[in-house]
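Visitor: Sending over a structure as structure tokens; questions will come in a sec.
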Amino acid sequence: MSKNRALKGFTLIELMIVVAIIGILAAIAIPNFIRYQLRSKSSEAKTVNGGIKTSQESFRAEYDAYVQVPAVNPVLASNRNTKTAWVVLACNATCNRANISVDQIAQGDCQSYECIGYRPSGDVYYDYDTTTRDPVGAMTPEFTTCALADLDSDGAMGGFQYGTGNDPLAASMTIQVNGRCTALNGNASCTVAVAPANEVVDCDPRAF
């Protein structure tokens with residue numbers, strides 16, 4: 001009798017309790033794990049924006065201006081959540097100190113990330129855009145760079161933005177510079193009133 005009692009297995013109720021506990025733990029752990037993965041992927045935007053910032057400042061130290069990049073790199077896509085190869089565009093040979101002026105876009109001179117010597121290591125999740133204000137008269141050069149992606153494929157874009165604050169009195173100018181990135185990601189959170197200058201800012205922490 002004692003031998004039969006020792007071989008007795010789990011009851012159905014005990015198994016159901018174990019399954020319920022596993023289900024509860026999974027319901028808590030899986031969303032947190034997915035969010036952790038998305039946060040890990042989003043760190044790319046901070047790294048690349050930071051690299052662009054450093055390269056732009058090095059370029060400005062030599063040329064007294066920032067590089068204007070007219071095209072989104074790699075490609076503007078509304079639902080991109082996979083890595084894409086960075087588009088390498090050679091810098092024009094005419095990109096030099098003498099050719100950086102208010103009409104540099106029309107001249108087609110310094111319009112590539114290669115001009116500032118920046119290229120990310122490997123493919124990227126985010127699309128990147130950079131816009132500048134050239135030094136005109138007494139105005140100080142400014143630039144804004146932003147990143148856009150839909151890592152979780154929910155149709156809501158997540159983005160990061162960095163903007164300079166070299167001329168704190170020229171608020172209207174800075175808004176105009178940042179306006180290009182605001183239009184890019186369709187998120188009003190990325191405006192000067194919300195995004196501090198000289199910081200990489202998450203446009204919407206709830207969106208990936």
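In the structure tokens, chains take letters A, B, ... by order of appearance, with residues numbered from 1 within each chain and ligands from 1 in the order shown.
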Need the shell around Gln56 (chain A): protein/DNA/RNA residues with any atom at most 9 Å away, counting only C-alpha atoms. Skip same-chain ones fewer than 5 positions apart. Format as a list in words?
Guide: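 The neighbour list is Gly51, Ala61, Ala65, Tyr66, Val67, Tyr113, Ile116, Gly117, Tyr118 and Phe143 of chain A.
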Visitor: Extract, using only C-alpha atoms, all DNA, RNA and protein residues at most 6 Å from Tyr162 (chain A), discarding same-chain residues fewer than 6 positions from it, and format them as a list in words.
Guide: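 Surrounding residues, per the criterion: Thr144, Thr145, Glu199 and Val200 of chain A.
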Visitor: Just the selected residues (N, CA and C atoms), exported as a short mmCIF file (atom, residue, chain, number, x, y, z; two decimals), in the first residue's frame, please.
Guide:
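Generated output (out.cif):
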data_model
loop_
_atom_site.label_atom_id
_atom_site.label_comp_id
_atom_site.auth_asym_id
_atom_site.auth_seq_id
_atom_site.Cartn_x
_atom_site.Cartn_y
_atom_site.Cartn_z
N THR A 144 20.66 70.05 -37.28
CA THR A 144 19.82 69.08 -36.59
C THR A 144 19.92 67.75 -37.33
N THR A 145 20.02 66.67 -36.59
CA THR A 145 20.00 65.34 -37.19
C THR A 145 18.95 64.49 -36.48
N GLU A 199 21.42 67.80 -27.02
CA GLU A 199 21.11 66.50 -26.42
C GLU A 199 20.43 65.63 -27.46
N VAL A 200 20.72 64.32 -27.43
CA VAL A 200 19.97 63.38 -28.25
C VAL A 200 18.67 63.05 -27.50
#
Visitor: In terms of the shortest atom-to-atom distance over only C-alpha atoms, which of A:Ala26, A:Val87, A:Ile13, A:Ala207 is closest to Asp123 (chain A)?
Guide: A:Val87
Visitor: Taking only C-alpha atoms into account, which of A:Leu89, A:Ile28, A:Val18, A:Leu148 comes nearest Asp202 (chain A)?
Guide: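 When distances to Asp202 (chain A) are compared using only C-alpha atoms, the smallest one comes from A:Leu148.
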Visitor: Determine which residues of region 38-131 of chain A receive a DSSP assignment of helix (DSSP H, G or I), computed from the backbone, and state them as a ChimeraX atom specification.
Guide: /A:38-63,97-99,104-107,113-116
Visitor: Residues near region 149-155 of chain A, anyone? I mean within 12 Å using only C-alpha atoms, not counting same-chain ones fewer than 5 positions away, as a PyMOL selection string.
Guide: chain A and resi 31+34-45+73-84+124-129+160+184-186+203-204+206-208
Visitor: Export C-alpha atoms of the chosen residues as a PDB file, in the first residue's frame?
Guide:
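File selection_4.pdb, as written:
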ATOM      1  CA  PRO A  31       6.419  41.718 -23.210  1.00  0.00           C
ATOM      2  CA  ILE A  34      10.367  42.279 -26.328  1.00  0.00           C
ATOM      3  CA  ARG A  35      10.598  45.816 -24.945  1.00  0.00           C
ATOM      4  CA  TYR A  36      14.168  45.132 -23.845  1.00  0.00           C
ATOM      5  CA  GLN A  37      15.017  43.995 -27.388  1.00  0.00           C
ATOM      6  CA  LEU A  38      13.462  47.158 -28.861  1.00  0.00           C
ATOM      7  CA  ARG A  39      15.398  49.354 -26.431  1.00  0.00           C
ATOM      8  CA  SER A  40      18.572  47.542 -27.399  1.00  0.00           C
ATOM      9  CA  LYS A  41      17.904  48.190 -31.103  1.00  0.00           C
ATOM     10  CA  SER A  42      17.009  51.840 -30.457  1.00  0.00           C
ATOM     11  CA  SER A  43      20.440  52.444 -28.946  1.00  0.00           C
ATOM     12  CA  GLU A  44      21.670  52.524 -32.537  1.00  0.00           C
ATOM     13  CA  ALA A  45      19.943  55.879 -33.115  1.00  0.00           C
ATOM     14  CA  ASN A  73      19.893  57.766 -45.534  1.00  0.00           C
ATOM     15  CA  PRO A  74      19.444  54.852 -46.124  1.00  0.00           C
ATOM     16  CA  VAL A  75      15.843  55.322 -47.392  1.00  0.00           C
ATOM     17  CA  LEU A  76      12.658  56.903 -46.044  1.00  0.00           C
ATOM     18  CA  ALA A  77      10.270  54.012 -45.341  1.00  0.00           C
ATOM     19  CA  SER A  78       7.055  54.123 -43.329  1.00  0.00           C
ATOM     20  CA  ASN A  79       7.337  50.602 -41.946  1.00  0.00           C
ATOM     21  CA  ARG A  80      11.019  49.738 -41.921  1.00  0.00           C
ATOM     22  CA  ASN A  81      11.948  47.392 -39.068  1.00  0.00           C
ATOM     23  CA  THR A  82      14.860  45.494 -40.578  1.00  0.00           C
ATOM     24  CA  LYS A  83      18.472  46.489 -41.044  1.00  0.00           C
ATOM     25  CA  THR A  84      19.343  48.227 -44.297  1.00  0.00           C
ATOM     26  CA  VAL A 124      21.219  50.314 -39.680  1.00  0.00           C
ATOM     27  CA  TYR A 125      17.610  50.060 -38.506  1.00  0.00           C
ATOM     28  CA  TYR A 126      16.886  53.789 -38.631  1.00  0.00           C
ATOM     29  CA  ASP A 127      16.641  56.334 -41.434  1.00  0.00           C
ATOM     30  CA  TYR A 128      18.748  59.440 -40.785  1.00  0.00           C
ATOM     31  CA  ASP A 129      18.304  63.015 -41.941  1.00  0.00           C
ATOM     32  CA  PHE A 160      15.437  60.430 -31.955  1.00  0.00           C
ATOM     33  CA  LEU A 184      10.158  63.562 -41.288  1.00  0.00           C
ATOM     34  CA  ASN A 185       8.794  61.636 -38.341  1.00  0.00           C
ATOM     35  CA  GLY A 186       5.385  63.354 -38.082  1.00  0.00           C
ATOM     36  CA  CYS A 203      10.837  62.024 -29.654  1.00  0.00           C
ATOM     37  CA  ASP A 204       8.298  59.634 -28.118  1.00  0.00           C
ATOM     38  CA  ARG A 206       6.354  55.080 -26.019  1.00  0.00           C
ATOM     39  CA  ALA A 207       7.002  54.496 -29.715  1.00  0.00           C
ATOM     40  CA  PHE A 208       9.649  52.226 -31.182  1.00  0.00           C
TER      41      PHE A 208
END
